[in-house]
Amino acid sequence: MRFHREKTASSIHAFRLLAACLVACLAFVWTSLPARAASLVRDADIEHALSRMAAPLLTASGLGGNVRILLINDRSLNAFVIDSQHIFIHTGMISKMDTPEKLQAVIAHEAAHIANGHIARRMANINSARSLAGLGMALALVAAAASGRGDVAGGVALGIQSSAERQFLAHSRAEEASADQSGVRYMAAAGIDPLGAVQVHEVFAGQELLSVSRQDPYTRSHPLTRDRMRAMQRFVSAYAGKSAPQPEMEYWYERARGKVTAFTNPPNWTLKRAAESNAEDVRLMREAVAYHRLSDRATALNRIDRAIALRPNDAYYYDLKGQILLEGRQFNGAVKAYSRAAELAPGNPLILGGLGRALLTVNRPKEALKHLEKARQRDFRDPRILRDLGSAYAQVGNNGMASLSTAERYALQGRLKDAAIHAKRASGLLPRGSGPWRRAEDIIVAAKRAAQK
Ligand SMILES: [Zn+2]
């Protein structure tokens with residue numbers, strides 16, 4: 001896991017604010033959301049583990065493989081949707097949900113908001129959403145919120161100008177009830193104990209009585225009422241006794257949570273608790289991360305190698321080994337580890353990004369470019385990949401593409417003014433009418449729109 005600690009942390013503050021704009025329910029959220037920075041956590045291993053946990057629920061919902069789960073580095077408890085392709089979950093939520101069923105209940109509920117059309121319906125009513133879609137939703141949302149006053153600018157740029165329209169964006173009580181009911185149905189269909197859904201409600205119970213500043217953001221975006229609790233208990237008792245233990249889900253849950261906490265809690269906390277993991281390889285992975293963060297590279301490598309020995313075809317353990325080596329400046333070893341990871345998971349954009357990054361450190365920009373371009377085509381949401389692409393293009397002398405990559409990285413980070421400067425440079429250098437030229441023009445248009453707000 002790598003957190004984007006770059007000084008550009010304002011990026012996901014745009015996501016947060018827009019999450020509030022698009023999903024949160026009540027007008028007060030609009031104005032009271034703290035403008036503190038948060039960031040996306042992109043980690044191939046955790047995203048894979050979460051996707052394994054989500055898969056049976058997404059199948060049951062009819063959404064299939066079209067929805068991705070993305071993590072936000074934030075200790076507060078929240079999960080939300082802003083479009084029909086992503087479910088965002090805070091790292092704090094992963095730590096707090098202490099059984100796979102609770103975490104799956106959260107995922108099922110968010111999937112239900114998408115499947116039941118709660119997002120699509122409102123997006124269709126936002127005038128300029130379609131014209132921004134060319135940039136990709138996440139990029140467009142961030143771009144729209146670029147001025148630093150994301151709450152206001154985002155709403156304006158997306159055409160959400162009247163308070164009536166903002167109300168339209170709220171998850172209504174009816175939507176919450178429908179998402180609860182569908183979520184429980186998905187869990188039951190997937191053979192997962194829906195009692196987890198009641199337990200999630202219990203975590204947040206009573207918060208509606210707290211002042212807004214003391215509530216978890218999840219309570220604000222998903223208003224909980226006593227009626228909702230009672231209805232949930234009724235759905236769940238109707239499904240009682242129809243679930244089976246799910247050892248595979250226990251494993252992926254332990255793995256996702258083990259890696260999240262290893263990176264977010266102090267290393268000594270992790271070392272004390274790693275032995276609680278049921279799976280030996282998960283214990284070793286957690287220790288590897290803790291020792292890596294303590295800069296004890298030899299022990300970190302010993303632990304990850306032992307985890308790999310237990311799961312020799314696990315791309316994600318090689319990915320972690322590559323990270324440990326790269327950050328320890330053992331560049332040739334890092335190339336080797338990432339190459340193996342890419343052999344085992346050839347389509348994973350984050351792993352391809354790691355391989356590209358490692359190749360740049362050993363001065364092989366042409367090869368790096370091949371992997372980084374493939375990574376970007378599959379996933380434009382990782383600023384690191386865009387930064388490395390910029391370096392790779394500059395190193396091979398393609399200044400137009402270098403400028404475009406820089407422009408796209410700034411746009412993704414919500415820095416639209418800087419993005420426009422580089423996009424104009426790219427537009428002047430790239431063949432007029434080409435795909436990359438059009439991408440540069442899209443950014444110029446988005447920047448103009450944000451500046452006009
Ligand atoms: Zn909800």
# chains A, B, ... in the order shown; residues from 1 in each chain; ligands from 1
>>> select_by_dssp(residues="segment 275-436 of chain A", states="alpha helix (DSSP H)", output="compact mmCIF listing (two decimals) with N, CA and C atoms, in the first residue's frame")
# COMPACT_ATOMS: atom_id res chain seq x y z
N GLU A 280 -1.26 -18.26 8.15
CA GLU A 280 0.17 -18.00 8.40
C GLU A 280 0.72 -16.96 7.41
N ASP A 281 0.31 -17.05 6.14
CA ASP A 281 0.87 -16.10 5.16
C ASP A 281 0.41 -14.67 5.46
N VAL A 282 -0.81 -14.52 5.99
CA VAL A 282 -1.29 -13.18 6.32
C VAL A 282 -0.48 -12.62 7.50
N ARG A 283 -0.18 -13.48 8.47
CA ARG A 283 0.65 -13.05 9.60
C ARG A 283 2.01 -12.55 9.09
N LEU A 284 2.62 -13.36 8.18
CA LEU A 284 3.94 -12.99 7.67
C LEU A 284 3.88 -11.69 6.87
N MET A 285 2.80 -11.51 6.07
CA MET A 285 2.66 -10.28 5.28
C MET A 285 2.54 -9.07 6.20
N ARG A 286 1.75 -9.21 7.28
CA ARG A 286 1.59 -8.08 8.21
C ARG A 286 2.93 -7.74 8.85
N GLU A 287 3.69 -8.78 9.22
CA GLU A 287 5.01 -8.53 9.82
C GLU A 287 5.95 -7.89 8.81
N ALA A 288 5.87 -8.34 7.56
CA ALA A 288 6.73 -7.76 6.51
C ALA A 288 6.47 -6.26 6.41
N VAL A 289 5.20 -5.87 6.41
CA VAL A 289 4.86 -4.44 6.30
C VAL A 289 5.37 -3.69 7.53
N ALA A 290 5.17 -4.27 8.72
CA ALA A 290 5.60 -3.59 9.94
C ALA A 290 7.11 -3.39 9.95
N TYR A 291 7.87 -4.45 9.62
CA TYR A 291 9.34 -4.31 9.62
C TYR A 291 9.80 -3.35 8.52
N HIS A 292 9.10 -3.38 7.40
CA HIS A 292 9.44 -2.44 6.33
C HIS A 292 9.27 -1.01 6.83
N ARG A 293 8.17 -0.77 7.55
CA ARG A 293 7.93 0.59 8.05
C ARG A 293 8.92 0.96 9.16
N ARG A 297 14.86 -3.76 6.70
CA ARG A 297 14.59 -4.37 5.41
C ARG A 297 14.87 -5.87 5.40
N ALA A 298 15.93 -6.28 6.08
CA ALA A 298 16.29 -7.70 6.06
C ALA A 298 15.15 -8.55 6.63
N THR A 299 14.61 -8.13 7.77
CA THR A 299 13.52 -8.91 8.37
C THR A 299 12.27 -8.82 7.51
N ALA A 300 12.00 -7.63 6.94
CA ALA A 300 10.83 -7.48 6.07
C ALA A 300 10.92 -8.46 4.90
N LEU A 301 12.12 -8.54 4.30
CA LEU A 301 12.29 -9.45 3.15
C LEU A 301 12.17 -10.91 3.58
N ASN A 302 12.70 -11.21 4.75
CA ASN A 302 12.58 -12.57 5.27
C ASN A 302 11.10 -12.95 5.39
N ARG A 303 10.28 -12.04 5.94
CA ARG A 303 8.86 -12.35 6.15
C ARG A 303 8.11 -12.48 4.82
N ILE A 304 8.37 -11.56 3.89
CA ILE A 304 7.61 -11.64 2.63
C ILE A 304 8.05 -12.87 1.83
N ASP A 305 9.34 -13.22 1.90
CA ASP A 305 9.78 -14.43 1.21
C ASP A 305 9.11 -15.68 1.80
N ARG A 306 8.94 -15.68 3.10
CA ARG A 306 8.26 -16.83 3.72
C ARG A 306 6.78 -16.85 3.33
N ALA A 307 6.16 -15.69 3.20
CA ALA A 307 4.76 -15.66 2.74
C ALA A 307 4.67 -16.17 1.31
N ILE A 308 5.64 -15.76 0.48
CA ILE A 308 5.66 -16.21 -0.92
C ILE A 308 5.86 -17.73 -0.98
N ALA A 309 6.71 -18.27 -0.08
CA ALA A 309 6.93 -19.72 -0.07
C ALA A 309 5.61 -20.47 0.20
N LEU A 310 4.73 -19.85 0.99
CA LEU A 310 3.43 -20.48 1.27
C LEU A 310 2.44 -20.32 0.13
N ALA A 315 0.55 -13.05 -6.92
CA ALA A 315 1.13 -11.85 -7.53
C ALA A 315 1.29 -10.73 -6.51
N TYR A 316 0.33 -10.65 -5.58
CA TYR A 316 0.29 -9.51 -4.66
C TYR A 316 1.40 -9.55 -3.62
N TYR A 317 1.86 -10.75 -3.28
CA TYR A 317 3.01 -10.84 -2.38
C TYR A 317 4.30 -10.42 -3.10
N TYR A 318 4.40 -10.77 -4.39
CA TYR A 318 5.55 -10.28 -5.16
C TYR A 318 5.48 -8.75 -5.31
N ASP A 319 4.28 -8.22 -5.44
CA ASP A 319 4.09 -6.76 -5.54
C ASP A 319 4.63 -6.10 -4.26
N LEU A 320 4.29 -6.67 -3.09
CA LEU A 320 4.79 -6.10 -1.83
C LEU A 320 6.30 -6.23 -1.75
N LYS A 321 6.82 -7.37 -2.20
CA LYS A 321 8.28 -7.54 -2.20
C LYS A 321 8.94 -6.47 -3.08
N GLY A 322 8.33 -6.23 -4.25
CA GLY A 322 8.85 -5.19 -5.14
C GLY A 322 8.86 -3.83 -4.45
N GLN A 323 7.80 -3.53 -3.74
CA GLN A 323 7.71 -2.24 -3.03
C GLN A 323 8.80 -2.13 -1.96
N ILE A 324 8.98 -3.20 -1.19
CA ILE A 324 10.00 -3.18 -0.13
C ILE A 324 11.38 -2.94 -0.74
N LEU A 325 11.65 -3.63 -1.86
CA LEU A 325 12.96 -3.49 -2.49
C LEU A 325 13.13 -2.11 -3.11
N LEU A 326 12.06 -1.64 -3.78
CA LEU A 326 12.15 -0.34 -4.46
C LEU A 326 12.38 0.78 -3.44
N GLU A 327 11.59 0.74 -2.37
CA GLU A 327 11.74 1.79 -1.36
C GLU A 327 13.03 1.64 -0.58
N PHE A 331 17.17 -1.58 -6.63
CA PHE A 331 16.36 -1.41 -7.83
C PHE A 331 16.30 -2.66 -8.71
N ASN A 332 17.43 -3.34 -8.88
CA ASN A 332 17.39 -4.53 -9.74
C ASN A 332 16.51 -5.63 -9.14
N GLY A 333 16.61 -5.77 -7.85
CA GLY A 333 15.75 -6.75 -7.16
C GLY A 333 14.28 -6.37 -7.31
N ALA A 334 14.01 -5.06 -7.25
CA ALA A 334 12.62 -4.59 -7.39
C ALA A 334 12.07 -4.93 -8.78
N VAL A 335 12.91 -4.71 -9.81
CA VAL A 335 12.46 -5.04 -11.18
C VAL A 335 12.10 -6.51 -11.26
N LYS A 336 12.94 -7.34 -10.64
CA LYS A 336 12.72 -8.79 -10.70
C LYS A 336 11.40 -9.16 -10.00
N ALA A 337 11.18 -8.60 -8.82
CA ALA A 337 9.96 -8.93 -8.06
C ALA A 337 8.71 -8.44 -8.79
N TYR A 338 8.74 -7.21 -9.29
CA TYR A 338 7.58 -6.70 -10.02
C TYR A 338 7.35 -7.46 -11.33
N SER A 339 8.44 -7.89 -11.99
CA SER A 339 8.27 -8.66 -13.23
C SER A 339 7.52 -9.95 -12.95
N ARG A 340 7.91 -10.59 -11.84
CA ARG A 340 7.22 -11.83 -11.48
C ARG A 340 5.75 -11.55 -11.15
N ALA A 341 5.50 -10.46 -10.42
CA ALA A 341 4.12 -10.09 -10.10
C ALA A 341 3.32 -9.86 -11.38
N ALA A 342 3.94 -9.18 -12.35
CA ALA A 342 3.24 -8.88 -13.61
C ALA A 342 3.01 -10.14 -14.44
N GLU A 343 3.91 -11.12 -14.32
CA GLU A 343 3.68 -12.40 -15.00
C GLU A 343 2.46 -13.09 -14.42
N LEU A 344 2.31 -12.99 -13.10
CA LEU A 344 1.22 -13.70 -12.42
C LEU A 344 -0.11 -12.97 -12.53
N PRO A 349 -3.38 -3.12 -13.32
CA PRO A 349 -2.74 -1.83 -13.62
C PRO A 349 -1.78 -1.36 -12.52
N LEU A 350 -2.11 -1.63 -11.26
CA LEU A 350 -1.24 -1.13 -10.20
C LEU A 350 0.09 -1.89 -10.19
N ILE A 351 0.03 -3.18 -10.49
CA ILE A 351 1.26 -3.97 -10.57
C ILE A 351 2.08 -3.54 -11.80
N LEU A 352 1.40 -3.31 -12.93
CA LEU A 352 2.12 -2.82 -14.11
C LEU A 352 2.76 -1.47 -13.83
N GLY A 353 2.06 -0.64 -13.07
CA GLY A 353 2.60 0.66 -12.68
C GLY A 353 3.87 0.49 -11.84
N GLY A 354 3.83 -0.48 -10.91
CA GLY A 354 5.01 -0.75 -10.07
C GLY A 354 6.19 -1.21 -10.92
N LEU A 355 5.89 -2.08 -11.89
CA LEU A 355 6.95 -2.57 -12.78
C LEU A 355 7.54 -1.41 -13.59
N GLY A 356 6.66 -0.56 -14.11
CA GLY A 356 7.13 0.61 -14.87
C GLY A 356 8.01 1.50 -14.02
N ARG A 357 7.58 1.74 -12.79
CA ARG A 357 8.33 2.61 -11.87
C ARG A 357 9.72 2.02 -11.60
N ALA A 358 9.75 0.67 -11.37
CA ALA A 358 11.03 0.02 -11.10
C ALA A 358 11.94 0.11 -12.33
N LEU A 359 11.38 -0.07 -13.52
CA LEU A 359 12.20 -0.01 -14.74
C LEU A 359 12.79 1.39 -14.95
N LEU A 360 12.05 2.42 -14.55
CA LEU A 360 12.58 3.78 -14.67
C LEU A 360 13.81 3.97 -13.78
N THR A 361 13.81 3.30 -12.62
CA THR A 361 14.94 3.49 -11.71
C THR A 361 16.21 2.85 -12.25
N PRO A 365 13.61 3.37 -19.81
CA PRO A 365 12.35 4.10 -19.98
C PRO A 365 11.43 3.54 -21.07
N LYS A 366 12.03 2.97 -22.13
CA LYS A 366 11.17 2.46 -23.21
C LYS A 366 10.32 1.29 -22.73
N GLU A 367 10.96 0.38 -21.99
CA GLU A 367 10.19 -0.74 -21.44
C GLU A 367 9.18 -0.25 -20.40
N ALA A 368 9.63 0.71 -19.60
CA ALA A 368 8.75 1.27 -18.57
C ALA A 368 7.49 1.83 -19.22
N LEU A 369 7.70 2.54 -20.33
CA LEU A 369 6.60 3.19 -21.03
C LEU A 369 5.52 2.19 -21.45
N LYS A 370 5.97 1.05 -21.96
CA LYS A 370 5.04 0.02 -22.42
C LYS A 370 4.10 -0.40 -21.27
N HIS A 371 4.68 -0.65 -20.11
CA HIS A 371 3.87 -1.10 -18.97
C HIS A 371 3.02 0.04 -18.40
N LEU A 372 3.60 1.23 -18.35
CA LEU A 372 2.87 2.36 -17.76
C LEU A 372 1.68 2.76 -18.63
N GLU A 373 1.86 2.72 -19.96
CA GLU A 373 0.74 3.05 -20.86
C GLU A 373 -0.39 2.04 -20.68
N LYS A 374 -0.01 0.78 -20.60
CA LYS A 374 -1.02 -0.27 -20.40
C LYS A 374 -1.74 -0.05 -19.07
N ALA A 375 -0.98 0.33 -18.07
CA ALA A 375 -1.57 0.59 -16.74
C ALA A 375 -2.55 1.76 -16.82
N ARG A 376 -2.13 2.84 -17.49
CA ARG A 376 -3.00 4.03 -17.56
C ARG A 376 -4.28 3.75 -18.33
N GLN A 377 -4.15 2.94 -19.41
CA GLN A 377 -5.35 2.64 -20.18
C GLN A 377 -6.37 1.87 -19.35
N ARG A 378 -5.86 1.07 -18.42
CA ARG A 378 -6.78 0.28 -17.59
C ARG A 378 -7.26 1.02 -16.36
N PRO A 383 -2.43 8.72 -9.51
CA PRO A 383 -1.54 9.83 -9.87
C PRO A 383 -0.08 9.39 -10.04
N ARG A 384 0.31 8.35 -9.30
CA ARG A 384 1.71 7.90 -9.42
C ARG A 384 2.00 7.40 -10.82
N ILE A 385 1.04 6.66 -11.39
CA ILE A 385 1.25 6.13 -12.74
C ILE A 385 1.40 7.30 -13.72
N LEU A 386 0.58 8.34 -13.53
CA LEU A 386 0.66 9.50 -14.43
C LEU A 386 1.99 10.23 -14.25
N ARG A 387 2.45 10.31 -13.02
CA ARG A 387 3.74 10.99 -12.78
C ARG A 387 4.87 10.21 -13.45
N ASP A 388 4.84 8.88 -13.27
CA ASP A 388 5.90 8.06 -13.88
C ASP A 388 5.81 8.08 -15.40
N LEU A 389 4.59 8.13 -15.92
CA LEU A 389 4.43 8.23 -17.38
C LEU A 389 5.06 9.52 -17.89
N GLY A 390 4.83 10.62 -17.17
CA GLY A 390 5.42 11.91 -17.54
C GLY A 390 6.94 11.79 -17.61
N SER A 391 7.55 11.17 -16.58
CA SER A 391 9.01 11.01 -16.59
C SER A 391 9.45 10.14 -17.76
N ALA A 392 8.73 9.04 -17.98
CA ALA A 392 9.14 8.11 -19.04
C ALA A 392 9.08 8.79 -20.40
N TYR A 393 7.98 9.53 -20.67
CA TYR A 393 7.87 10.22 -21.96
C TYR A 393 8.96 11.28 -22.10
N ALA A 394 9.25 12.00 -21.02
CA ALA A 394 10.31 13.02 -21.09
C ALA A 394 11.65 12.35 -21.39
N GLN A 395 11.88 11.19 -20.78
CA GLN A 395 13.17 10.52 -20.99
C GLN A 395 13.34 10.00 -22.42
N ASN A 399 7.84 15.12 -25.76
CA ASN A 399 7.42 16.19 -24.85
C ASN A 399 5.91 16.43 -24.84
N GLY A 400 5.25 16.16 -25.97
CA GLY A 400 3.80 16.33 -26.02
C GLY A 400 3.11 15.39 -25.05
N MET A 401 3.50 14.12 -25.09
CA MET A 401 2.89 13.14 -24.20
C MET A 401 3.32 13.37 -22.74
N ALA A 402 4.55 13.86 -22.55
CA ALA A 402 4.99 14.16 -21.19
C ALA A 402 4.11 15.26 -20.60
N SER A 403 3.83 16.29 -21.41
CA SER A 403 2.98 17.39 -20.93
C SER A 403 1.56 16.90 -20.67
N LEU A 404 1.05 16.04 -21.56
CA LEU A 404 -0.31 15.52 -21.37
C LEU A 404 -0.40 14.73 -20.06
N SER A 405 0.59 13.88 -19.80
CA SER A 405 0.56 13.08 -18.56
C SER A 405 0.59 13.99 -17.35
N THR A 406 1.40 15.04 -17.42
CA THR A 406 1.47 15.97 -16.30
C THR A 406 0.13 16.68 -16.12
N ALA A 407 -0.48 17.09 -17.25
CA ALA A 407 -1.77 17.77 -17.19
C ALA A 407 -2.83 16.85 -16.57
N GLU A 408 -2.82 15.59 -16.97
CA GLU A 408 -3.82 14.65 -16.44
C GLU A 408 -3.60 14.39 -14.95
N ARG A 409 -2.34 14.37 -14.54
CA ARG A 409 -2.07 14.16 -13.11
C ARG A 409 -2.59 15.34 -12.31
N TYR A 410 -2.30 16.56 -12.79
CA TYR A 410 -2.80 17.73 -12.06
C TYR A 410 -4.33 17.74 -12.03
N ALA A 411 -4.96 17.39 -13.14
CA ALA A 411 -6.43 17.38 -13.17
C ALA A 411 -6.97 16.39 -12.16
N LEU A 412 -6.36 15.22 -12.10
CA LEU A 412 -6.80 14.19 -11.16
C LEU A 412 -6.62 14.66 -9.72
N LEU A 416 -6.63 22.32 -11.42
CA LEU A 416 -7.00 22.51 -12.83
C LEU A 416 -6.23 23.63 -13.52
N LYS A 417 -5.83 24.65 -12.77
CA LYS A 417 -5.07 25.75 -13.39
C LYS A 417 -3.75 25.22 -13.92
N ASP A 418 -3.04 24.47 -13.06
CA ASP A 418 -1.77 23.88 -13.48
C ASP A 418 -2.01 22.88 -14.61
N ALA A 419 -3.10 22.14 -14.50
CA ALA A 419 -3.43 21.16 -15.54
C ALA A 419 -3.58 21.86 -16.89
N ALA A 420 -4.27 23.00 -16.88
CA ALA A 420 -4.53 23.71 -18.14
C ALA A 420 -3.24 24.19 -18.79
N ILE A 421 -2.29 24.66 -17.98
CA ILE A 421 -1.00 25.13 -18.52
C ILE A 421 -0.32 24.00 -19.29
N HIS A 422 -0.27 22.81 -18.67
CA HIS A 422 0.39 21.68 -19.32
C HIS A 422 -0.43 21.14 -20.49
N ALA A 423 -1.76 21.20 -20.34
CA ALA A 423 -2.62 20.70 -21.43
C ALA A 423 -2.46 21.57 -22.67
N LYS A 424 -2.31 22.89 -22.48
CA LYS A 424 -2.11 23.78 -23.64
C LYS A 424 -0.79 23.48 -24.33
N ARG A 425 0.23 23.25 -23.51
CA ARG A 425 1.53 22.89 -24.09
C ARG A 425 1.40 21.59 -24.88
N ALA A 426 0.70 20.60 -24.28
CA ALA A 426 0.52 19.31 -24.96
C ALA A 426 -0.25 19.48 -26.26
N SER A 427 -1.32 20.27 -26.19
CA SER A 427 -2.16 20.47 -27.37
C SER A 427 -1.36 21.06 -28.53
N GLY A 428 -0.40 21.93 -28.23
CA GLY A 428 0.44 22.53 -29.27
C GLY A 428 1.44 21.54 -29.86
N LEU A 429 1.78 20.50 -29.11
CA LEU A 429 2.82 19.57 -29.55
C LEU A 429 2.26 18.30 -30.19
N GLY A 435 -6.13 11.15 -30.60
CA GLY A 435 -6.72 10.83 -29.29
C GLY A 435 -6.08 11.62 -28.15
N PRO A 436 -4.74 11.57 -28.05
CA PRO A 436 -4.08 12.34 -26.97
C PRO A 436 -4.36 13.84 -27.08
>>> residues_near_ligand(ligand="ligand 1", cutoff="12 Å", atoms="only C-alpha atoms and all ligand atoms", output="PyMOL selection string")
chain A and resi 23-25+78-82+87+105-114+116+118-119+170-183+197+200-201+217-225+228
>>> write_last_selection(atoms="N, CA and C atoms", output="short mmCIF file (atom, residue, chain, number, x, y, z; two decimals), in the first residue's frame")
data_model
loop_
_atom_site.label_atom_id
_atom_site.label_comp_id
_atom_site.auth_asym_id
_atom_site.auth_seq_id
_atom_site.Cartn_x
_atom_site.Cartn_y
_atom_site.Cartn_z
N VAL A 23 -24.12 12.53 -2.79
CA VAL A 23 -24.75 11.43 -2.09
C VAL A 23 -25.38 11.85 -0.78
N ALA A 24 -24.68 12.70 -0.07
CA ALA A 24 -25.17 12.99 1.27
C ALA A 24 -26.54 13.61 1.21
N CYS A 25 -27.16 13.51 2.32
CA CYS A 25 -28.60 13.64 2.23
C CYS A 25 -29.11 15.02 2.54
N ASN A 78 -16.85 5.68 6.93
CA ASN A 78 -17.73 6.06 5.84
C ASN A 78 -17.61 5.10 4.67
N ALA A 79 -18.66 5.03 3.90
CA ALA A 79 -18.69 4.29 2.64
C ALA A 79 -19.72 5.00 1.80
N PHE A 80 -19.43 5.20 0.51
CA PHE A 80 -20.38 5.95 -0.29
C PHE A 80 -20.18 5.67 -1.77
N VAL A 81 -21.15 6.10 -2.55
CA VAL A 81 -21.04 5.98 -4.01
C VAL A 81 -21.25 7.36 -4.62
N ILE A 82 -20.51 7.66 -5.70
CA ILE A 82 -20.76 8.92 -6.41
C ILE A 82 -21.09 8.67 -7.87
N ILE A 87 -17.39 2.01 -5.56
CA ILE A 87 -17.83 2.11 -4.16
C ILE A 87 -16.59 2.56 -3.38
N ALA A 105 -21.82 -6.44 4.42
CA ALA A 105 -23.12 -5.75 4.53
C ALA A 105 -22.99 -4.31 4.04
N VAL A 106 -21.87 -3.67 4.38
CA VAL A 106 -21.63 -2.30 3.93
C VAL A 106 -21.54 -2.27 2.40
N ILE A 107 -20.78 -3.21 1.85
CA ILE A 107 -20.61 -3.26 0.39
C ILE A 107 -21.96 -3.54 -0.28
N ALA A 108 -22.73 -4.48 0.30
CA ALA A 108 -24.02 -4.84 -0.30
C ALA A 108 -24.96 -3.63 -0.32
N HIS A 109 -24.95 -2.86 0.75
CA HIS A 109 -25.82 -1.69 0.84
C HIS A 109 -25.45 -0.66 -0.22
N GLU A 110 -24.14 -0.40 -0.39
CA GLU A 110 -23.72 0.58 -1.40
C GLU A 110 -24.03 0.07 -2.81
N ALA A 111 -23.80 -1.23 -3.02
CA ALA A 111 -24.11 -1.82 -4.34
C ALA A 111 -25.60 -1.65 -4.63
N ALA A 112 -26.42 -1.76 -3.59
CA ALA A 112 -27.86 -1.61 -3.78
C ALA A 112 -28.22 -0.18 -4.19
N HIS A 113 -27.52 0.81 -3.65
CA HIS A 113 -27.77 2.19 -4.08
C HIS A 113 -27.53 2.32 -5.59
N ILE A 114 -26.49 1.64 -6.08
CA ILE A 114 -26.20 1.70 -7.53
C ILE A 114 -27.25 0.89 -8.30
N ASN A 116 -30.19 -0.11 -7.61
CA ASN A 116 -31.58 0.38 -7.56
C ASN A 116 -31.75 1.74 -8.24
N HIS A 118 -30.34 4.66 -7.69
CA HIS A 118 -30.33 5.90 -6.90
C HIS A 118 -29.31 6.90 -7.42
N ILE A 119 -28.28 6.38 -8.10
CA ILE A 119 -27.24 7.27 -8.62
C ILE A 119 -27.58 7.65 -10.06
N ALA A 170 -30.09 13.91 -2.59
CA ALA A 170 -30.04 13.24 -1.29
C ALA A 170 -30.47 11.78 -1.40
N HIS A 171 -29.83 10.94 -0.55
CA HIS A 171 -30.40 9.61 -0.33
C HIS A 171 -31.62 9.82 0.54
N SER A 172 -32.77 9.57 0.00
CA SER A 172 -33.98 9.76 0.79
C SER A 172 -34.15 8.57 1.74
N ARG A 173 -35.08 8.73 2.66
CA ARG A 173 -35.37 7.59 3.55
C ARG A 173 -35.86 6.40 2.76
N ALA A 174 -36.62 6.69 1.71
CA ALA A 174 -37.12 5.58 0.88
C ALA A 174 -35.96 4.85 0.21
N GLU A 175 -34.97 5.63 -0.22
CA GLU A 175 -33.80 5.00 -0.84
C GLU A 175 -33.02 4.18 0.17
N GLU A 176 -32.88 4.71 1.39
CA GLU A 176 -32.18 3.94 2.43
C GLU A 176 -32.90 2.63 2.70
N ALA A 177 -34.23 2.71 2.81
CA ALA A 177 -35.00 1.49 3.07
C ALA A 177 -34.82 0.49 1.94
N SER A 178 -34.84 0.99 0.70
CA SER A 178 -34.73 0.08 -0.43
C SER A 178 -33.32 -0.52 -0.50
N ALA A 179 -32.30 0.29 -0.18
CA ALA A 179 -30.92 -0.23 -0.20
C ALA A 179 -30.72 -1.26 0.92
N ASP A 180 -31.32 -1.02 2.08
CA ASP A 180 -31.24 -2.00 3.17
C ASP A 180 -31.82 -3.34 2.74
N GLN A 181 -33.02 -3.24 2.16
CA GLN A 181 -33.74 -4.46 1.80
C GLN A 181 -33.00 -5.23 0.71
N SER A 182 -32.56 -4.50 -0.33
CA SER A 182 -31.83 -5.17 -1.41
C SER A 182 -30.51 -5.73 -0.91
N GLY A 183 -29.81 -4.95 -0.07
CA GLY A 183 -28.52 -5.40 0.44
C GLY A 183 -28.65 -6.74 1.18
N ALA A 197 -25.71 -7.19 8.57
CA ALA A 197 -26.33 -5.89 8.25
C ALA A 197 -26.93 -5.25 9.51
N VAL A 200 -24.10 -3.89 11.57
CA VAL A 200 -23.58 -2.60 11.09
C VAL A 200 -24.46 -1.48 11.63
N HIS A 201 -25.77 -1.67 11.57
CA HIS A 201 -26.67 -0.66 12.12
C HIS A 201 -26.39 -0.42 13.59
N PRO A 217 -19.27 10.14 9.46
CA PRO A 217 -19.81 10.57 8.16
C PRO A 217 -20.82 9.57 7.59
N TYR A 218 -20.64 8.30 7.93
CA TYR A 218 -21.56 7.29 7.41
C TYR A 218 -22.99 7.56 7.88
N THR A 219 -23.12 8.01 9.11
CA THR A 219 -24.44 8.32 9.64
C THR A 219 -25.07 9.48 8.89
N ARG A 220 -24.22 10.44 8.47
CA ARG A 220 -24.76 11.59 7.76
C ARG A 220 -25.18 11.22 6.33
N SER A 221 -24.38 10.34 5.70
CA SER A 221 -24.74 10.00 4.32
C SER A 221 -25.82 8.93 4.25
N HIS A 222 -26.01 8.20 5.34
CA HIS A 222 -27.03 7.13 5.37
C HIS A 222 -27.86 7.28 6.63
N PRO A 223 -28.78 8.24 6.64
CA PRO A 223 -29.52 8.52 7.88
C PRO A 223 -30.20 7.27 8.44
N LEU A 224 -29.91 7.03 9.70
CA LEU A 224 -30.42 5.83 10.35
C LEU A 224 -31.59 6.23 11.24
N THR A 225 -32.65 5.50 11.13
CA THR A 225 -33.78 5.79 12.00
C THR A 225 -34.19 4.50 12.69
N ARG A 228 -35.85 2.20 10.40
CA ARG A 228 -34.93 1.49 9.53
C ARG A 228 -34.36 0.28 10.26
#
>>> residues_around(residues="Leu195 of chain A", least_positions_apart="2", cutoff="9 Å", atoms="only C-alpha atoms", output="list in words")
Glu101, Lys102, Ala105, Val184, Ile192, Asp193, Ala197, Val198, Gln199, Val200, Gln233, Val236, Ser237, Tyr239 and Ala240 of chain A
>>> closest_residue(among="A:Ala275, A:Val396, A:Met187, A:Ile94", to="Leu58 of chain A", atoms="only C-alpha atoms")
A:Met187
>>> residues_around(residues="segment 241-249 of chain A", least_positions_apart="3", cutoff="12 Å", atoms="only C-alpha atoms", output="NGL selection string")
:A and (49-57 or 99-104 or 184-196 or 236-238 or 252-257 or 278-279)
>>> atom_distance(atom1="atom CA of His48 of chain A", atom2="atom CA of Val260 of chain A")
12.6 Å
>>> atom_distance(atom1="atom CA of Glu441 of chain A", atom2="atom CA of Asp379 of chain A")
20.0 Å
>>> residues_around(residues="Leu71 of chain A", least_positions_apart="3", cutoff="9 Å", atoms="only C-alpha atoms", output="PyMOL selection string")
chain A and resi 39-43+46-47+74+87-91
>>> atom_distance(atom1="atom CA of Arg311 of chain A", atom2="atom CA of Met97 of chain A")
26.4 Å
